[in-house]
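Have a look at the structure below before the remarks.
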Amino acid sequence: MTTALITHSDCLNHVNPPGHPERVERLYAINAALKNVSGLTRIEAPMGTDAQIATTHPAAYVERIKASAPADGWTRLDGDTSMSPGSLTAAYRAVGGIVEAVDQVLAGNVRNAFVACRPPGHHAETQTPMGFCIFGNVVIGARHALVNGISRLAIVDFDVHHGNGTQDLVWNDEMIFFVSTHQMPLYPGTGLPSERGTHGNVMNVPLEPGANGATLHKAMERDILPALESYNPEMLFISAGFDAHERDPLANLNWTDEDFGTVTRTLLDFADTHCGGRVVSTLEGGYDLKGLAGGVTAHVTALTEG
């Protein structure tokens with residue numbers, strides 16, 4: 001079987017203000033980097049639906065986002081999260097993309113999937129857009145899996161920033177185990193090990209500035225894999241941020257392209273043993289275009305070889 005690469009040109013129409021790090025060129029860089037990667041089944045992301053989003057965000061929040069979509073220029077949702085005329089459609093494509101990825105994997109049509117859509121999602125809280133994020137894409141996908149035959153699952157987030165939105169969305173959900181590795185101190189300021197979730201279903205693994213891939217791999221073997229094994233999920237989701245790359249301008253971790261490949265293979269090995277190989281990965285951060293392209297290539301190549 002192959003790996004699904006799910007994206008859509010509408011995601012190029014989410015245009016942030018000039019100088020914003022979460023820019024259209026990110027997706028161009030990813031598309032160019034993956035052009036010659038073999039073993040990919042390319043699928044266009046469908047439009048997500050209000051019903052899919054309603055599993056994770058209240059209807060009033062969705063209506064507020066819709067009302068914020070501008071006819072021209074930009075609407076600011078917070079200090080660093082904006083909407084342009086194409087942003088709402090792009091956000092719905094990101095939702096539809098991860099739902100499609102879940103359907104493809106659960107149907108056995110593909111081995112695993114990578115969703116290359118934007119805007120990203122892991123900072124979006126239940127009723128608060130922030131950190132470049134509008135909807136909690138990975139949790140929407142996870143909840144879709146939970147109503148389609150999966151009884152418990154795990155989300156592993158290796159973005160350099162703590163996935164505060166994902167944590168907020170799953171805090172009371174014992175069917176979802178959330179693990180975040182992230183630099184600390186760093187935006188958004190959450191992600192202490194003491195933040196454990198109502199059911200002990202949250203695990204935060206802060207990394208000190210300057211930490212390299214070896215530090216991550218040690219944490220995976222010593223802490224994260226045993227916790228995942230104890231939870232015994234039936235499916236694995238990955239919030240794949242590439243801003244822990246040594247080239248990235250927004251943080252201070254020192255991962256290489258090879259580190260992203262290694263952590264991906266580690267998670268795939270776990271999923272093969274515990275999750276029937278069911279893995280869905282979705283794009284989060286990564287703001288140096290060369291580092292983003294290299295990290296994504298290593299990540300997706302590992303998925304195709306998994």
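In the structure tokens, the first chain shown is A, the next is B, and so on; residue numbers restart at 1 for each chain, and ligands run from 1 in the order shown.
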
- [ ] Give the strand (DSSP E or B) residues of region 94-289 of chain A, as DSSP finds them on the backbone, and put them as a PyMOL selection string.
- [x] chain A and resi 112-115+130+133+153-157+176-183+202-207+212+236-240+245+254-255+279-283

Since we have the selection now, will you write its residues out, keeping C-alpha atoms, as a tab-separated table (two decimals), in the first residue's frame?
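Produced file out25.tsv, reproduced below:
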chain	number	residue	atom	x	y	z
A	112	ASN	CA	-0.88	5.99	6.30
A	113	ALA	CA	-1.43	9.63	5.35
A	114	PHE	CA	0.11	13.08	5.49
A	115	VAL	CA	-2.17	16.12	5.30
A	130	MET	CA	-4.56	31.74	18.21
A	133	CYS	CA	-4.59	28.42	13.97
A	153	LEU	CA	-6.21	6.79	20.12
A	154	ALA	CA	-3.12	8.89	20.70
A	155	ILE	CA	-1.90	12.20	19.30
A	156	VAL	CA	1.84	12.91	19.33
A	157	ASP	CA	2.82	16.53	18.67
A	176	ILE	CA	-7.59	10.50	23.46
A	177	PHE	CA	-4.06	10.43	24.88
A	178	PHE	CA	-2.08	13.56	23.96
A	179	VAL	CA	1.71	13.82	24.04
A	180	SER	CA	3.54	17.07	23.27
A	181	THR	CA	7.28	17.62	23.01
A	182	HIS	CA	8.16	21.31	22.82
A	183	GLN	CA	10.75	23.90	23.71
A	202	VAL	CA	-2.08	14.47	28.68
A	203	MET	CA	1.72	14.14	28.72
A	204	ASN	CA	3.99	17.14	28.27
A	205	VAL	CA	7.70	16.71	27.65
A	206	PRO	CA	9.41	20.14	27.66
A	207	LEU	CA	12.84	20.43	26.02
A	212	ASN	CA	19.15	18.41	19.67
A	236	LEU	CA	-1.89	7.19	16.06
A	237	PHE	CA	-2.11	10.82	14.95
A	238	ILE	CA	0.94	13.04	14.50
A	239	SER	CA	0.92	16.83	14.72
A	240	ALA	CA	3.96	17.29	12.53
A	245	HIS	CA	14.61	22.34	12.88
A	254	ASN	CA	18.55	21.91	16.84
A	255	TRP	CA	16.90	19.00	15.04
A	279	VAL	CA	-1.17	6.58	11.26
A	280	VAL	CA	-2.41	10.01	10.17
A	281	SER	CA	-0.02	12.96	10.19
A	282	THR	CA	-0.93	16.60	9.67
A	283	LEU	CA	1.14	19.71	9.06

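For Gly96 (chain A), the list of residues within 10 Å, based on only C-alpha atoms and with local chain neighbours fewer than 2 positions off taken out, reads Ile6, Thr7, Glu44, Ala45, Pro46, Met47, Gly48, Thr49, Gln52, Ile53, Ala90, Ala91, Tyr92, Arg93, Ala94, Ile98, Val99, Glu100, Ala101, Val102, Val115, Cys117, Asn137, Ile140 and Gly141 of chain A.
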
Open item on the list: To test your reading of the structure, identify every residue in region 86-294 of chain A that backbone DSSP assigns to alpha helix (DSSP H), and report it as a ChimeraX atom specification.
Closed with: /A:87-106,137-146,164-170,213-219,225-231,257-274,289-294

Serialized selection, C-alpha atoms, as a compact mmCIF listing (two decimals), in the first residue's frame:
# COMPACT_ATOMS: atom_id res chain seq x y z
CA SER A 87 -8.83 31.77 4.68
CA LEU A 88 -12.24 30.34 5.54
CA THR A 89 -12.23 27.97 2.57
CA ALA A 90 -8.65 26.97 3.33
CA ALA A 91 -9.56 26.22 6.96
CA TYR A 92 -12.44 24.03 5.82
CA ARG A 93 -10.09 22.21 3.42
CA ALA A 94 -7.72 21.54 6.33
CA VAL A 95 -10.61 20.00 8.26
CA GLY A 96 -11.81 18.00 5.26
CA GLY A 97 -8.27 16.88 4.53
CA ILE A 98 -7.72 15.22 7.87
CA VAL A 99 -11.16 13.63 7.83
CA GLU A 100 -10.39 12.23 4.37
CA ALA A 101 -7.04 10.95 5.67
CA VAL A 102 -8.80 9.09 8.46
CA ASP A 103 -11.30 7.57 6.03
CA GLN A 104 -8.55 6.45 3.65
CA VAL A 105 -6.51 4.81 6.42
CA LEU A 106 -9.48 3.13 8.13
CA ASN A 137 -7.71 19.99 12.81
CA VAL A 138 -5.98 17.03 14.44
CA VAL A 139 -8.65 16.67 17.13
CA ILE A 140 -11.43 16.91 14.56
CA GLY A 141 -9.75 14.04 12.71
CA ALA A 142 -9.33 12.07 15.92
CA ARG A 143 -12.99 12.48 16.85
CA HIS A 144 -13.95 11.33 13.35
CA ALA A 145 -11.94 8.16 13.94
CA LEU A 146 -13.66 7.61 17.29
CA ASN A 164 -2.08 24.16 23.83
CA GLY A 165 -5.15 24.03 21.62
CA THR A 166 -5.04 20.26 21.27
CA GLN A 167 -4.50 19.95 25.02
CA ASP A 168 -7.52 22.17 25.72
CA LEU A 169 -9.72 20.23 23.30
CA VAL A 170 -8.87 16.78 24.71
CA GLY A 213 17.56 15.34 18.19
CA ALA A 214 19.40 13.02 20.55
CA THR A 215 17.52 14.62 23.45
CA LEU A 216 14.23 13.95 21.72
CA HIS A 217 15.10 10.35 20.93
CA LYS A 218 16.13 9.73 24.54
CA ALA A 219 12.81 11.17 25.74
CA LEU A 225 6.93 5.14 24.21
CA PRO A 226 6.29 3.51 27.62
CA ALA A 227 3.39 5.92 28.20
CA LEU A 228 1.95 5.18 24.77
CA GLU A 229 2.32 1.45 25.35
CA SER A 230 0.49 1.76 28.65
CA TYR A 231 -2.39 3.59 26.98
CA ASP A 257 16.29 16.53 8.67
CA GLU A 258 17.46 13.09 9.79
CA ASP A 259 15.98 13.61 13.27
CA PHE A 260 12.52 14.10 11.77
CA GLY A 261 12.94 10.87 9.82
CA THR A 262 14.11 9.01 12.92
CA VAL A 263 11.25 10.15 15.16
CA THR A 264 8.78 9.28 12.40
CA ARG A 265 10.18 5.77 12.04
CA THR A 266 10.05 5.33 15.81
CA LEU A 267 6.37 6.27 15.85
CA LEU A 268 5.64 4.06 12.85
CA ASP A 269 7.27 1.10 14.58
CA PHE A 270 5.07 1.74 17.60
CA ALA A 271 1.98 1.99 15.40
CA ASP A 272 2.84 -1.24 13.60
CA THR A 273 2.97 -3.05 16.93
CA HIS A 274 0.04 -1.43 18.72
CA LEU A 289 11.52 27.09 3.92
CA LYS A 290 14.65 24.98 3.43
CA GLY A 291 14.34 23.43 6.88
CA LEU A 292 10.63 22.83 6.31
CA ALA A 293 11.24 21.14 2.95
CA GLY A 294 13.99 18.94 4.36

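Across A:Leu186, A:Ile134, A:Leu303, A:Ala107, the tightest approach to Ala251 (chain A) is made by A:Leu186 when counting only C-alpha atoms.
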
I want to know what sits within 12 Å of Ala29 (chain A), based on only C-alpha atoms, with residues of the same chain fewer than 2 positions away left out; could you give that as a PDB file with C-alpha atoms, in the first residue's frame?
ATOM      1  CA  LEU A  12      -2.639  28.605  -1.025  1.00  0.00           C
ATOM      2  CA  ARG A  23       3.028  32.172   4.610  1.00  0.00           C
ATOM      3  CA  VAL A  24       1.814  30.703   1.339  1.00  0.00           C
ATOM      4  CA  GLU A  25       5.389  29.828   0.345  1.00  0.00           C
ATOM      5  CA  ARG A  26       5.404  27.099   2.999  1.00  0.00           C
ATOM      6  CA  LEU A  27       3.028  24.999   0.935  1.00  0.00           C
ATOM      7  CA  ASN A  31       4.825  20.583  -2.810  1.00  0.00           C
ATOM      8  CA  ALA A  32       8.167  21.055  -4.552  1.00  0.00           C
ATOM      9  CA  ALA A  33      10.001  18.883  -2.022  1.00  0.00           C
ATOM     10  CA  LEU A  34       7.522  16.012  -2.339  1.00  0.00           C
ATOM     11  CA  LYS A  35       7.209  16.154  -6.115  1.00  0.00           C
ATOM     12  CA  ALA A 116      -0.342  19.125   3.804  1.00  0.00           C
ATOM     13  CA  GLY A 286       7.897  25.087  10.276  1.00  0.00           C
ATOM     14  CA  TYR A 287       8.938  28.515   9.043  1.00  0.00           C
ATOM     15  CA  ASP A 288      12.368  28.268   7.415  1.00  0.00           C
ATOM     16  CA  LEU A 289      11.520  27.088   3.918  1.00  0.00           C
ATOM     17  CA  LYS A 290      14.653  24.983   3.435  1.00  0.00           C
ATOM     18  CA  GLY A 291      14.342  23.429   6.877  1.00  0.00           C
ATOM     19  CA  LEU A 292      10.627  22.829   6.306  1.00  0.00           C
ATOM     20  CA  ALA A 293      11.237  21.140   2.950  1.00  0.00           C
ATOM     21  CA  GLY A 294      13.987  18.939   4.358  1.00  0.00           C
ATOM     22  CA  GLY A 295      12.050  17.945   7.458  1.00  0.00           C
ATOM     23  CA  VAL A 296       8.859  17.187   5.531  1.00  0.00           C
ATOM     24  CA  THR A 297      10.780  15.135   2.976  1.00  0.00           C
TER      25      THR A 297
END

TODO: Could you tell me which of A:Val15, A:Ile43, A:Ala60, A:Ile30 comes closest to Trp74 (chain A) if we count only C-alpha atoms?
DONE: A:Val15

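Closest to Leu5 (chain A) among A:Asp243, A:Gly149, A:Val62, A:Thr301 is A:Thr301, based on only C-alpha atoms.
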
- [ ] Go ahead and compute the interatomic distance for CA of Pro85 (chain A) and CA of Phe135 (chain A), in Å to one decimal.
- [x]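 Distance reported for this atom pair: 16.6 Å.
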
Task: Interatomic distance, CA of Asp173 (chain A) to CA of Met83 (chain A) (Å, one decimal) - done: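 One can read the CA of Asp173 (chain A) to CA of Met83 (chain A) distance as 29.7 Å.
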
- [ ] Using CA of His161 (chain A) and CA of Gly191 (chain A) as the two end points, give the distance in Å to one decimal.
- [x] 8.9 Å

Open item on the list: Considering only C-alpha atoms, can you say which of A:His122, A:Arg76, A:Lys66, A:Arg152 comes closest to Asn16 (chain A)?
Closed with: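 Of A:His122, A:Arg76, A:Lys66, A:Arg152, the one nearest Asn16 (chain A) is A:Arg76, counting only C-alpha atoms.
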